[in-house]
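Below is the file query-v3.tsv, which contains TSV, C-alpha atoms and all ligand atoms.
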chain	number	residue	atom	x	y	z
A	1	MET	CA	-6.81	11.14	21.00
A	2	ALA	CA	-7.13	13.06	17.74
A	3	LYS	CA	-10.60	14.28	16.88
A	4	LYS	CA	-12.46	12.32	14.26
A	5	SER	CA	-12.16	14.39	11.08
A	6	ASP	CA	-14.94	15.02	8.57
A	7	LYS	CA	-12.59	14.64	5.67
A	8	ILE	CA	-13.08	11.74	3.30
A	9	ILE	CA	-9.95	9.65	3.24
A	10	LEU	CA	-9.26	7.08	0.53
A	11	THR	CA	-6.42	4.81	-0.41
A	12	GLY	CA	-5.78	1.75	-2.57
A	13	ILE	CA	-3.38	-1.14	-2.21
A	14	LYS	CA	-2.25	-3.03	-5.30
A	15	PRO	CA	-2.40	-6.84	-4.96
A	16	THR	CA	0.89	-7.56	-6.70
A	17	GLY	CA	2.72	-9.49	-3.96
A	18	THR	CA	2.50	-10.98	-0.49
A	19	PRO	CA	2.80	-8.03	1.94
A	20	HIS	CA	6.03	-7.88	3.93
A	21	LEU	CA	7.27	-6.14	7.08
A	22	GLY	CA	8.12	-2.99	5.05
A	23	ASN	CA	4.52	-2.78	3.79
A	24	TYR	CA	3.26	-3.42	7.32
A	25	ILE	CA	5.30	-0.69	8.99
A	26	GLY	CA	5.09	1.81	6.10
A	27	ALA	CA	1.49	1.31	5.01
A	28	LEU	CA	-0.77	-1.33	6.60
A	29	LYS	CA	-0.23	-0.42	10.25
A	30	PRO	CA	-0.77	3.33	9.72
A	31	LEU	CA	-3.93	2.59	7.69
A	32	VAL	CA	-5.36	0.41	10.45
A	33	GLU	CA	-4.68	3.22	12.95
A	34	LEU	CA	-6.32	5.73	10.62
A	35	SER	CA	-9.46	3.57	10.41
A	36	LYS	CA	-9.89	3.81	14.17
A	37	LYS	CA	-10.47	7.55	14.00
A	38	ASN	CA	-11.69	8.35	10.52
A	39	ARG	CA	-14.16	7.35	7.86
A	40	THR	CA	-11.97	5.75	5.21
A	41	TYR	CA	-12.40	4.10	1.86
A	42	MET	CA	-9.82	1.38	1.52
A	43	PHE	CA	-9.77	-0.78	-1.54
A	44	ILE	CA	-7.70	-3.49	-3.12
A	45	ALA	CA	-6.65	-2.14	-6.49
A	46	ASP	CA	-6.96	-5.34	-8.53
A	47	LEU	CA	-7.66	-3.45	-11.79
A	48	HIS	CA	-4.34	-1.65	-11.33
A	49	ALA	CA	-2.56	-5.00	-10.95
A	50	LEU	CA	-3.76	-6.08	-14.40
A	51	ASN	CA	-1.12	-4.22	-16.35
A	52	THR	CA	1.58	-6.44	-14.83
A	53	ILE	CA	-0.16	-9.65	-13.68
A	54	HIS	CA	-2.08	-11.65	-16.28
A	55	ASP	CA	-3.01	-14.54	-13.99
A	56	SER	CA	-6.38	-14.29	-12.23
A	57	VAL	CA	-5.44	-16.88	-9.59
A	58	VAL	CA	-2.43	-14.83	-8.48
A	59	ILE	CA	-4.39	-11.56	-8.32
A	60	LYS	CA	-7.17	-13.23	-6.36
A	61	ARG	CA	-4.76	-14.77	-3.86
A	62	HIS	CA	-3.00	-11.45	-3.20
A	63	THR	CA	-6.39	-9.73	-2.92
A	64	TYR	CA	-7.47	-12.14	-0.18
A	65	GLU	CA	-4.10	-11.81	1.56
A	66	ILE	CA	-4.39	-8.03	1.78
A	67	ALA	CA	-8.00	-8.11	2.95
A	68	ALA	CA	-7.21	-10.79	5.56
A	69	MET	CA	-4.17	-8.87	6.78
A	70	LEU	CA	-6.02	-5.61	7.24
A	71	ILE	CA	-8.83	-7.34	9.13
A	72	ALA	CA	-6.43	-9.43	11.25
A	73	LEU	CA	-4.50	-6.28	12.15
A	74	GLY	CA	-7.68	-4.74	13.54
A	75	LEU	CA	-9.10	-2.61	10.72
A	76	ASP	CA	-12.22	-0.91	12.08
A	77	LEU	CA	-14.87	-2.08	9.64
A	78	LYS	CA	-17.42	0.41	10.95
A	79	ASN	CA	-15.31	3.37	9.85
A	80	ALA	CA	-13.49	1.72	6.96
A	81	VAL	CA	-15.28	0.72	3.80
A	82	LEU	CA	-13.11	-2.17	2.59
A	83	PHE	CA	-13.76	-3.32	-0.97
A	84	ARG	CA	-12.34	-4.69	-4.18
A	85	GLN	CA	-11.81	-2.04	-6.87
A	86	SER	CA	-13.17	-4.27	-9.67
A	87	ASP	CA	-16.48	-4.76	-7.81
A	88	ILE	CA	-17.44	-1.16	-8.54
A	89	VAL	CA	-18.45	-0.99	-12.19
A	90	GLN	CA	-18.67	2.81	-12.03
A	91	VAL	CA	-14.88	3.09	-11.78
A	92	TYR	CA	-14.39	1.63	-15.27
A	93	GLN	CA	-17.05	4.00	-16.57
A	94	LEU	CA	-15.64	7.09	-14.88
A	95	ALA	CA	-12.14	6.28	-16.19
A	96	THR	CA	-13.52	6.25	-19.76
A	97	LEU	CA	-15.28	9.56	-19.24
A	98	LEU	CA	-12.24	11.21	-17.62
A	99	SER	CA	-9.97	10.14	-20.47
A	100	ASN	CA	-11.73	12.75	-22.62
A	101	VAL	CA	-10.52	15.67	-20.54
A	102	THR	CA	-7.06	14.25	-19.81
A	103	PRO	CA	-4.25	15.59	-22.02
A	104	LYS	CA	-2.05	12.88	-23.52
A	105	GLY	CA	0.96	14.96	-22.50
A	106	LEU	CA	0.06	14.48	-18.83
A	107	MET	CA	0.31	10.70	-19.26
A	108	ASN	CA	3.67	11.11	-21.04
A	109	ARG	CA	5.00	12.72	-17.86
A	110	ALA	CA	3.90	9.94	-15.46
A	111	HIS	CA	6.92	8.52	-13.58
A	112	SER	CA	6.20	4.86	-14.27
A	113	TYR	CA	5.70	5.42	-18.01
A	114	LYS	CA	8.76	7.68	-18.23
A	115	ALA	CA	10.87	5.05	-16.44
A	116	MET	CA	9.90	2.47	-19.10
A	117	VAL	CA	10.71	4.93	-21.92
A	118	GLU	CA	14.12	5.66	-20.39
A	119	LYS	CA	14.88	1.97	-19.98
A	120	ASN	CA	13.88	1.26	-23.58
A	121	THR	CA	15.91	4.20	-24.88
A	122	ALA	CA	19.00	3.04	-22.98
A	123	SER	CA	18.70	-0.46	-24.42
A	124	GLY	CA	18.04	0.83	-27.97
A	125	ASP	CA	14.50	-0.64	-28.09
A	126	ASP	CA	11.37	1.05	-29.40
A	127	ILE	CA	10.45	3.63	-26.73
A	128	ASP	CA	7.11	1.94	-26.07
A	129	ALA	CA	8.35	-1.65	-25.95
A	130	GLY	CA	6.57	-3.54	-23.16
A	131	VAL	CA	4.17	-0.66	-22.47
A	132	ASN	CA	0.50	-1.62	-22.52
A	133	MET	CA	-2.33	0.91	-22.37
A	134	GLY	CA	-3.10	-0.18	-18.80
A	135	LEU	CA	0.30	1.14	-17.75
A	136	TYR	CA	0.00	4.24	-19.93
A	137	THR	CA	-3.45	5.25	-18.66
A	138	TYR	CA	-2.83	4.02	-15.07
A	139	PRO	CA	-3.15	7.57	-13.69
A	140	ILE	CA	-6.60	8.03	-15.28
A	141	LEU	CA	-7.96	4.93	-13.54
A	142	MET	CA	-6.39	6.13	-10.32
A	143	ALA	CA	-8.03	9.56	-10.78
A	144	ALA	CA	-11.36	7.75	-11.25
A	145	ASP	CA	-10.76	5.84	-7.96
A	146	ILE	CA	-10.11	9.03	-6.10
A	147	LEU	CA	-12.79	11.29	-7.62
A	148	LEU	CA	-15.57	8.69	-7.50
A	149	TYR	CA	-15.81	8.86	-3.69
A	150	ASN	CA	-15.55	12.67	-3.22
A	151	THR	CA	-12.17	12.15	-1.61
A	152	ASP	CA	-10.43	14.95	0.30
A	153	VAL	CA	-7.24	13.23	1.40
A	154	VAL	CA	-5.21	10.38	-0.10
A	155	PRO	CA	-2.52	8.84	2.13
A	156	VAL	CA	0.11	7.25	-0.12
A	157	GLY	CA	3.81	6.39	-0.28
A	158	ALA	CA	6.06	9.04	-1.86
A	159	ASP	CA	6.13	7.13	-5.19
A	160	GLN	CA	2.37	7.72	-5.63
A	161	LYS	CA	2.33	11.46	-4.94
A	162	GLN	CA	2.48	12.39	-8.63
A	163	HIS	CA	-0.55	10.21	-9.39
A	164	VAL	CA	-2.63	11.99	-6.76
A	165	GLU	CA	-1.51	15.34	-8.17
A	166	PHE	CA	-2.64	14.15	-11.61
A	167	ALA	CA	-6.06	13.27	-10.15
A	168	ARG	CA	-6.24	16.81	-8.85
A	169	ASP	CA	-5.22	18.20	-12.28
A	170	ILE	CA	-7.81	16.05	-14.05
A	171	ALA	CA	-10.52	17.18	-11.61
A	172	GLY	CA	-9.49	20.78	-12.33
A	173	TYR	CA	-9.68	20.32	-16.15
A	174	PHE	CA	-13.11	18.75	-15.75
A	175	ASN	CA	-14.44	21.49	-13.48
A	176	ASN	CA	-13.18	24.17	-15.89
A	177	ILE	CA	-15.12	22.70	-18.76
A	178	TYR	CA	-18.26	21.39	-17.03
A	179	GLY	CA	-18.52	23.48	-13.86
A	180	GLU	CA	-17.79	22.47	-10.24
A	181	THR	CA	-18.24	18.72	-10.23
A	182	PHE	CA	-15.28	17.32	-8.32
A	183	LYS	CA	-13.52	18.19	-5.08
A	184	LEU	CA	-9.76	18.60	-5.47
A	185	PRO	CA	-8.01	15.79	-3.55
A	186	GLU	CA	-4.74	16.18	-1.70
A	187	PRO	CA	-1.95	13.64	-1.22
A	188	VAL	CA	-0.63	13.02	2.29
A	189	ILE	CA	2.77	11.39	2.38
A	190	SER	CA	3.72	9.61	5.55
A	191	GLU	CA	7.50	9.68	5.89
A	192	SER	CA	7.63	9.01	9.60
A	193	ALA	CA	8.36	5.28	9.37
A	194	GLY	CA	11.29	5.87	7.03
A	195	VAL	CA	12.52	3.15	4.74
A	196	ILE	CA	12.55	-0.32	6.30
A	197	PRO	CA	15.63	-2.31	5.25
A	198	GLY	CA	15.36	-5.88	3.95
A	199	LEU	CA	17.49	-8.99	4.47
A	200	ASP	CA	20.36	-7.56	2.38
A	201	GLY	CA	20.24	-4.06	3.90
A	202	ARG	CA	18.65	-2.42	0.81
A	203	LYS	CA	15.04	-1.15	1.02
A	204	MET	CA	12.79	-4.11	1.79
A	205	SER	CA	10.95	-4.62	-1.49
A	206	LYS	CA	9.44	-7.46	-3.44
A	207	SER	CA	11.48	-6.27	-6.44
A	208	TYR	CA	14.71	-7.06	-4.55
A	209	ASP	CA	13.61	-10.45	-3.24
A	210	ASN	CA	14.83	-9.46	0.23
A	211	THR	CA	11.56	-9.44	2.14
A	212	ILE	CA	10.26	-10.93	5.35
A	213	PRO	CA	6.58	-11.78	4.71
A	214	LEU	CA	4.36	-10.21	7.37
A	215	PHE	CA	2.56	-13.37	8.35
A	216	ALA	CA	5.11	-16.03	7.47
A	217	PRO	CA	4.65	-19.14	9.67
A	218	GLU	CA	6.80	-19.01	12.81
A	219	SER	CA	9.52	-21.34	11.46
A	220	GLU	CA	9.89	-19.34	8.23
A	221	LEU	CA	9.93	-16.06	10.15
A	222	LYS	CA	12.78	-17.38	12.27
A	223	LYS	CA	14.71	-18.65	9.25
A	224	LYS	CA	14.38	-15.31	7.47
A	225	ILE	CA	15.44	-13.26	10.48
A	226	MET	CA	18.46	-15.52	11.02
A	227	ARG	CA	19.40	-14.80	7.39
A	228	ILE	CA	19.64	-11.00	7.82
A	229	ILE	CA	23.03	-9.92	6.50
A	230	THR	CA	25.32	-8.26	9.07
A	231	ASP	CA	28.89	-6.98	9.07
A	232	SER	CA	31.66	-9.25	10.35
A	233	LYS	CA	32.11	-7.81	13.86
A	234	THR	CA	32.88	-10.41	16.55
A	235	PRO	CA	30.50	-10.80	19.52
A	236	ASP	CA	32.88	-8.81	21.75
A	237	GLU	CA	33.09	-5.74	19.53
A	238	PRO	CA	30.77	-2.72	20.06
A	239	LYS	CA	28.25	-2.38	17.22
A	240	ASN	CA	26.39	0.53	15.63
A	241	PRO	CA	22.61	0.01	16.10
A	242	ASP	CA	21.77	2.73	13.58
A	243	GLU	CA	23.50	0.81	10.82
A	244	SER	CA	21.98	-2.54	11.77
A	245	THR	CA	18.96	-3.98	9.98
A	246	ILE	CA	18.24	-6.03	13.10
A	247	PHE	CA	17.94	-2.93	15.27
A	248	GLN	CA	16.04	-0.94	12.60
A	249	LEU	CA	13.36	-3.67	12.55
A	250	TYR	CA	13.31	-4.12	16.32
A	251	LYS	CA	12.51	-0.41	16.80
A	252	HIS	CA	9.10	-0.88	15.20
A	253	PHE	CA	8.01	-3.78	17.39
A	254	ALA	CA	9.45	-3.19	20.87
A	255	THR	CA	8.54	-0.70	23.59
A	256	GLU	CA	10.74	2.35	24.20
A	257	PRO	CA	12.56	0.86	27.23
A	258	GLU	CA	13.16	-2.38	25.27
A	259	VAL	CA	14.58	-0.42	22.34
A	260	ALA	CA	16.84	1.57	24.69
A	261	LYS	CA	18.07	-1.65	26.25
A	262	LEU	CA	18.94	-3.29	22.94
A	263	ARG	CA	20.67	-0.09	21.83
A	264	GLU	CA	22.85	-0.27	24.93
A	265	MET	CA	23.66	-3.91	24.25
A	266	PHE	CA	24.78	-3.06	20.71
A	267	VAL	CA	26.97	-0.17	21.83
A	268	ALA	CA	28.49	-1.96	24.83
A	269	GLY	CA	29.77	-4.98	22.87
A	270	GLY	CA	29.61	-8.53	24.21
A	271	MET	CA	26.52	-9.49	22.19
A	272	GLY	CA	26.85	-11.40	18.94
A	273	TYR	CA	24.54	-10.78	15.98
A	274	GLY	CA	23.06	-14.27	16.47
A	275	THR	CA	21.78	-13.25	19.91
A	276	ALA	CA	20.43	-9.95	18.54
A	277	LYS	CA	18.56	-11.86	15.82
A	278	THR	CA	17.01	-14.19	18.40
A	279	ILE	CA	15.85	-11.19	20.43
A	280	LEU	CA	14.36	-9.67	17.26
A	281	PHE	CA	12.64	-12.91	16.26
A	282	GLU	CA	11.07	-13.39	19.69
A	283	LYS	CA	9.76	-9.84	19.74
A	284	VAL	CA	8.32	-9.82	16.20
A	285	ASN	CA	6.84	-13.27	16.72
A	286	SER	CA	5.09	-12.35	19.95
A	287	VAL	CA	3.75	-9.04	18.60
A	288	LEU	CA	2.34	-10.68	15.46
A	289	ALA	CA	1.25	-14.07	16.85
A	290	ASP	CA	-2.43	-13.30	17.53
A	291	ALA	CA	-2.93	-11.41	14.29
A	292	ARG	CA	-1.18	-14.20	12.36
A	293	CYS	CA	-3.57	-16.72	13.88
A	294	GLU	CA	-6.57	-14.64	12.77
A	295	TYR	CA	-4.97	-14.16	9.33
A	296	GLU	CA	-4.59	-17.92	8.91
A	297	ARG	CA	-8.18	-18.46	10.00
A	298	LEU	CA	-9.46	-15.93	7.46
A	299	MET	CA	-7.33	-17.33	4.62
A	300	ALA	CA	-8.90	-20.71	5.31
A	301	ASN	CA	-12.37	-19.09	5.21
A	302	THR	CA	-12.35	-16.97	2.09
A	303	ALA	CA	-16.17	-16.95	2.05
A	304	GLU	CA	-15.95	-14.73	5.13
A	305	LEU	CA	-13.58	-12.38	3.27
A	306	ASP	CA	-15.93	-12.36	0.28
A	307	ALA	CA	-18.76	-11.32	2.59
A	308	VAL	CA	-16.75	-8.43	4.07
A	309	LEU	CA	-15.69	-7.27	0.60
A	310	ALA	CA	-19.26	-7.55	-0.72
A	311	ASP	CA	-20.54	-5.46	2.17
A	312	GLY	CA	-17.82	-2.86	1.50
A	313	ALA	CA	-18.66	-2.83	-2.21
A	314	SER	CA	-22.35	-2.23	-1.56
A	315	ARG	CA	-21.53	0.72	0.71
A	316	ALA	CA	-19.02	2.14	-1.80
A	317	ARG	CA	-21.42	1.69	-4.71
A	318	VAL	CA	-23.97	4.10	-3.25
A	319	VAL	CA	-21.53	7.02	-3.47
A	320	ALA	CA	-20.01	5.79	-6.75
A	321	ALA	CA	-23.40	5.67	-8.47
A	322	GLU	CA	-24.29	9.15	-7.29
A	323	THR	CA	-20.99	10.62	-8.57
A	324	LEU	CA	-21.17	8.84	-11.90
A	325	ASP	CA	-24.69	10.09	-12.40
A	326	ARG	CA	-23.56	13.65	-11.78
A	327	VAL	CA	-20.65	13.33	-14.24
A	328	HIS	CA	-22.80	11.64	-16.86
A	329	ARG	CA	-25.37	14.45	-16.66
A	330	ALA	CA	-22.64	17.12	-16.88
A	331	MET	CA	-21.07	15.55	-19.97
A	332	LEU	CA	-24.01	14.04	-21.82
A	333	GLY	CA	-27.06	15.81	-20.46
B	1	LIG	P1	7.33	-3.14	-2.87
B	1	LIG	O1	8.52	-2.20	-2.86
B	1	LIG	O2	7.59	-4.39	-2.09
B	1	LIG	O3	6.86	-3.39	-4.29
B	1	LIG	P2	5.05	-1.42	-2.76
B	1	LIG	O4	5.71	-0.43	-3.66
B	1	LIG	O5	3.92	-2.24	-3.31
B	1	LIG	O6	6.15	-2.39	-2.12
B	1	LIG	O7	4.57	-0.62	-1.45
B	1	LIG	C1	3.28	-0.63	-0.91
B	1	LIG	C2	3.27	0.30	0.30
B	1	LIG	O8	4.21	-0.14	1.30
B	1	LIG	C3	3.67	1.74	-0.04
B	1	LIG	O9	2.83	2.61	0.70
B	1	LIG	C4	5.10	1.86	0.44
B	1	LIG	O10	5.38	3.17	0.84
B	1	LIG	C5	5.16	0.88	1.62
B	1	LIG	N1	6.50	0.27	1.68
B	1	LIG	C6	6.99	-0.67	0.83
B	1	LIG	N2	8.24	-1.03	1.14
B	1	LIG	C7	8.58	-0.30	2.24
B	1	LIG	C8	9.75	-0.20	3.04
B	1	LIG	N3	10.82	-0.96	2.80
B	1	LIG	N4	9.75	0.67	4.07
B	1	LIG	C9	8.65	1.43	4.34
B	1	LIG	N5	7.51	1.39	3.62
B	1	LIG	C10	7.46	0.54	2.57
B	2	LIG	N1	-1.34	3.08	-7.53
B	2	LIG	C1	-1.30	2.73	-6.13
B	2	LIG	C2	0.00	1.90	-5.86
B	2	LIG	O1	0.59	1.41	-6.80
B	2	LIG	C3	-2.52	1.97	-5.70
B	2	LIG	C4	-3.77	2.77	-5.96
B	2	LIG	C5	-4.68	2.57	-6.95
B	2	LIG	C6	-4.19	3.91	-5.21
B	2	LIG	N2	-5.65	3.50	-6.86
B	2	LIG	C7	-5.41	4.34	-5.83
B	2	LIG	C8	-3.68	4.59	-4.10
B	2	LIG	C9	-6.09	5.46	-5.35
B	2	LIG	C10	-4.38	5.70	-3.64
B	2	LIG	C11	-5.57	6.14	-4.26
B	2	LIG	O2	0.38	1.74	-4.72

Take the structure in the file and give it back as structure tokens.
Ligand code: ADP
Ligand code: TRP
Amino acid sequence: MAKKSDKIILTGIKPTGTPHLGNYIGALKPLVELSKKNRTYMFIADLHALNTIHDSVVIKRHTYEIAAMLIALGLDLKNAVLFRQSDIVQVYQLATLLSNVTPKGLMNRAHSYKAMVEKNTASGDDIDAGVNMGLYTYPILMAADILLYNTDVVPVGADQKQHVEFARDIAGYFNNIYGETFKLPEPVISESAGVIPGLDGRKMSKSYDNTIPLFAPESELKKKIMRIITDSKTPDEPKNPDESTIFQLYKHFATEPEVAKLREMFVAGGMGYGTAKTILFEKVNSVLADARCEYERLMANTAELDAVLADGASRARVVAAETLDRVHRAMLG
């Protein structure tokens, strides 16, 4: 077992959709594992969801879903401080303070803002059409998240690497002006899971509407898996497991000998895709059944989730208050 590290690890998850198998394999499962060995700050980034979702009921529901999923999957709440971003008032304050040392040009270079500008330019619209200041200053709020807790390491998906580098840049600008105040955080990108395909074979993503929700009820899980698109090979024909969404998903749930066996069945021919889908469904269903049960229990008891999040917030607030105080003194005396 890896040694428990002294590094402070932090990550945020945006509550913008119901988590799916891609999120589970690529993000939630590794985070739960991380919490078993390390002190981690893990928060639900509801303030970051505000630039796209203007419905409090939707944000709240996704916030509970993520919290319930992490707990049901076995998040170690002794090591992990699980909280809601908006419960920590210091993060709004630090974002305002940091905006004064953040060059506007840095925000112009942020991927998500640039993507909007390119889209608007291509369609002949004003370059800033549909851009609110929440989107534009998104990286400053994210820098505040990271710097508030003296973070060393930030595990994120590849799309978030630039934002963590910006947090590092902003910490550097601040330290240059006001003296050593912030540690410089580092992004850690986990590529090992690769990209999990969705029902249509493209990356599983809520933007493509091709997802399998992580804790869908059993009947829905079965329906979705049966709907995975395959090629038109007959049952008799040999099939390529490495090009099959069914096999790519199975790999993340079955044991090594089980994976080897299904691989053989693909290559040998004689197994139809319907049979392969049933094998996949049974495996995923049995691996997730207990956690799904706990998830459903928690979603029916949101007061219990509120209590966990409140406890996390009170632990996070101690560090947040100390950091904000330090920054306030450096900037305003
Ligand atoms: P979506 O594409 O559904 O909007 P997000 O961008 O919110 O998902 O991703 C949240 C986390 O889940 C990120 O860490 C991302 O790397 C991971 N993730 C999302 N989709 C996949 C996928 N298909 N395969 C592997 N990891 C994924
Ligand atoms: N921006 C991240 C995302 O869209 C979520 C997030 C917010 C985050 N604050 C963070 C991730 C701080 C890591 C550290 O997925």

* Exercise: Asp325 in chain A partners within 12 Å, only C-alpha atoms, chain neighbours under 5 positions left out, as a ChimeraX atom specification -> /A:90,93-94,97,148,181,317-320,330-333

Which residues of chain A come within 9 Å of ligand LIG 2 (chain B), and what is each one's closest atom pair and distance in Å (one decimal), counting all atoms listed in the file, sorted by chain and residue number, as JSON lines?
{"residue": "A:Leu10", "atom": "CA", "partner": "B:LIG2", "partner_atom": "C11", "distance": 6.1}
{"residue": "A:Thr11", "atom": "CA", "partner": "B:LIG2", "partner_atom": "C10", "distance": 3.9}
{"residue": "A:Gly12", "atom": "CA", "partner": "B:LIG2", "partner_atom": "C6", "distance": 3.8}
{"residue": "A:Ile13", "atom": "CA", "partner": "B:LIG2", "partner_atom": "C3", "distance": 4.8}
{"residue": "A:Lys14", "atom": "CA", "partner": "B:LIG2", "partner_atom": "C3", "distance": 5.0}
{"residue": "A:Pro15", "atom": "CA", "partner": "B:LIG2", "partner_atom": "C3", "distance": 8.8}
{"residue": "A:Thr16", "atom": "CA", "partner": "B:LIG2", "partner_atom": "O1", "distance": 9.0}
{"residue": "A:Met42", "atom": "CA", "partner": "B:LIG2", "partner_atom": "C11", "distance": 8.6}
{"residue": "A:Phe43", "atom": "CA", "partner": "B:LIG2", "partner_atom": "N2", "distance": 8.0}
{"residue": "A:Ile44", "atom": "CA", "partner": "B:LIG2", "partner_atom": "C5", "distance": 7.8}
{"residue": "A:Ala45", "atom": "CA", "partner": "B:LIG2", "partner_atom": "C5", "distance": 5.1}
{"residue": "A:Asp46", "atom": "CA", "partner": "B:LIG2", "partner_atom": "C5", "distance": 8.4}
{"residue": "A:Leu47", "atom": "CA", "partner": "B:LIG2", "partner_atom": "C5", "distance": 8.3}
{"residue": "A:His48", "atom": "CA", "partner": "B:LIG2", "partner_atom": "C5", "distance": 6.1}
{"residue": "A:Ala49", "atom": "CA", "partner": "B:LIG2", "partner_atom": "O1", "distance": 8.3}
{"residue": "A:Gln85", "atom": "CA", "partner": "B:LIG2", "partner_atom": "N2", "distance": 8.3}
{"residue": "A:Tyr138", "atom": "CA", "partner": "B:LIG2", "partner_atom": "N1", "distance": 7.7}
{"residue": "A:Pro139", "atom": "CA", "partner": "B:LIG2", "partner_atom": "N1", "distance": 7.8}
{"residue": "A:Leu141", "atom": "CA", "partner": "B:LIG2", "partner_atom": "N2", "distance": 7.2}
{"residue": "A:Met142", "atom": "CA", "partner": "B:LIG2", "partner_atom": "N2", "distance": 4.4}
{"residue": "A:Ala143", "atom": "CA", "partner": "B:LIG2", "partner_atom": "C9", "distance": 7.1}
{"residue": "A:Ala144", "atom": "CA", "partner": "B:LIG2", "partner_atom": "C9", "distance": 8.2}
{"residue": "A:Asp145", "atom": "CA", "partner": "B:LIG2", "partner_atom": "C9", "distance": 5.4}
{"residue": "A:Ile146", "atom": "CA", "partner": "B:LIG2", "partner_atom": "C9", "distance": 5.4}
{"residue": "A:Val154", "atom": "CA", "partner": "B:LIG2", "partner_atom": "C10", "distance": 5.9}
{"residue": "A:Pro155", "atom": "CA", "partner": "B:LIG2", "partner_atom": "C10", "distance": 6.8}
{"residue": "A:Val156", "atom": "CA", "partner": "B:LIG2", "partner_atom": "C10", "distance": 5.9}
{"residue": "A:Gly157", "atom": "CA", "partner": "B:LIG2", "partner_atom": "O2", "distance": 7.3}
{"residue": "A:Asp159", "atom": "CA", "partner": "B:LIG2", "partner_atom": "O2", "distance": 7.9}
{"residue": "A:Gln160", "atom": "CA", "partner": "B:LIG2", "partner_atom": "C1", "distance": 6.2}
{"residue": "A:Lys161", "atom": "CA", "partner": "B:LIG2", "partner_atom": "C10", "distance": 8.9}
{"residue": "A:His163", "atom": "CA", "partner": "B:LIG2", "partner_atom": "N1", "distance": 7.4}
{"residue": "A:Val164", "atom": "CA", "partner": "B:LIG2", "partner_atom": "C11", "distance": 7.0}
{"residue": "A:Pro187", "atom": "CA", "partner": "B:LIG2", "partner_atom": "C10", "distance": 8.6}

Restrict the selected residues to C-alpha atoms and save them as a PDB file, keeping the file's coordinate frame.
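Below you can see part_38.pdb, which holds the result:
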ATOM      1  CA  LEU A  10      -9.260   7.080   0.530  1.00  0.00           C
ATOM      2  CA  THR A  11      -6.420   4.810  -0.410  1.00  0.00           C
ATOM      3  CA  GLY A  12      -5.780   1.750  -2.570  1.00  0.00           C
ATOM      4  CA  ILE A  13      -3.380  -1.140  -2.210  1.00  0.00           C
ATOM      5  CA  LYS A  14      -2.250  -3.030  -5.300  1.00  0.00           C
ATOM      6  CA  PRO A  15      -2.400  -6.840  -4.960  1.00  0.00           C
ATOM      7  CA  THR A  16       0.890  -7.560  -6.700  1.00  0.00           C
ATOM      8  CA  MET A  42      -9.820   1.380   1.520  1.00  0.00           C
ATOM      9  CA  PHE A  43      -9.770  -0.780  -1.540  1.00  0.00           C
ATOM     10  CA  ILE A  44      -7.700  -3.490  -3.120  1.00  0.00           C
ATOM     11  CA  ALA A  45      -6.650  -2.140  -6.490  1.00  0.00           C
ATOM     12  CA  ASP A  46      -6.960  -5.340  -8.530  1.00  0.00           C
ATOM     13  CA  LEU A  47      -7.660  -3.450 -11.790  1.00  0.00           C
ATOM     14  CA  HIS A  48      -4.340  -1.650 -11.330  1.00  0.00           C
ATOM     15  CA  ALA A  49      -2.560  -5.000 -10.950  1.00  0.00           C
ATOM     16  CA  GLN A  85     -11.810  -2.040  -6.870  1.00  0.00           C
ATOM     17  CA  TYR A 138      -2.830   4.020 -15.070  1.00  0.00           C
ATOM     18  CA  PRO A 139      -3.150   7.570 -13.690  1.00  0.00           C
ATOM     19  CA  LEU A 141      -7.960   4.930 -13.540  1.00  0.00           C
ATOM     20  CA  MET A 142      -6.390   6.130 -10.320  1.00  0.00           C
ATOM     21  CA  ALA A 143      -8.030   9.560 -10.780  1.00  0.00           C
ATOM     22  CA  ALA A 144     -11.360   7.750 -11.250  1.00  0.00           C
ATOM     23  CA  ASP A 145     -10.760   5.840  -7.960  1.00  0.00           C
ATOM     24  CA  ILE A 146     -10.110   9.030  -6.100  1.00  0.00           C
ATOM     25  CA  VAL A 154      -5.210  10.380  -0.100  1.00  0.00           C
ATOM     26  CA  PRO A 155      -2.520   8.840   2.130  1.00  0.00           C
ATOM     27  CA  VAL A 156       0.110   7.250  -0.120  1.00  0.00           C
ATOM     28  CA  GLY A 157       3.810   6.390  -0.280  1.00  0.00           C
ATOM     29  CA  ASP A 159       6.130   7.130  -5.190  1.00  0.00           C
ATOM     30  CA  GLN A 160       2.370   7.720  -5.630  1.00  0.00           C
ATOM     31  CA  LYS A 161       2.330  11.460  -4.940  1.00  0.00           C
ATOM     32  CA  HIS A 163      -0.550  10.210  -9.390  1.00  0.00           C
ATOM     33  CA  VAL A 164      -2.630  11.990  -6.760  1.00  0.00           C
ATOM     34  CA  PRO A 187      -1.950  13.640  -1.220  1.00  0.00           C
TER      35      PRO A 187
END

* **Within 6 Å of ligand LIG 1 (chain B) (all atoms listed in the file), residues as a ChimeraX atom specification** => /A:22-23,26-27,156-157,194-197,203-207

* To do: Choose the residue, out of A:Glu282, A:Asn240, A:Lys7, A:Asn175, that has the smallest atom-to-atom separation from Arg263 in chain A; count only C-alpha atoms.
  =>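 Using only C-alpha atoms, the shortest distance to Arg263 in chain A belongs to A:Asn240.
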
* To do: Please identify all polymer residues within 10 Å of Thr302 in chain A, counting all atoms listed in the file, omitting same-chain residues fewer than 5 positions from it, and present them as number ranges by chain.
  => A: 61, 64-65, 67-68, 297, 307-308

* **Point-to-point distance in Å for CA of Asp231 in chain A and CA of Leu249 in chain A** =>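 Separation between CA of Leu249 in chain A and CA of Asp231 in chain A: 16.3 Å.
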
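Take the candidates A:Ala171, A:Ala300, A:Val81, A:Val267 and check each one against Glu243 in chain A using all atoms listed in the file; the shortest distance goes to A:Val267.
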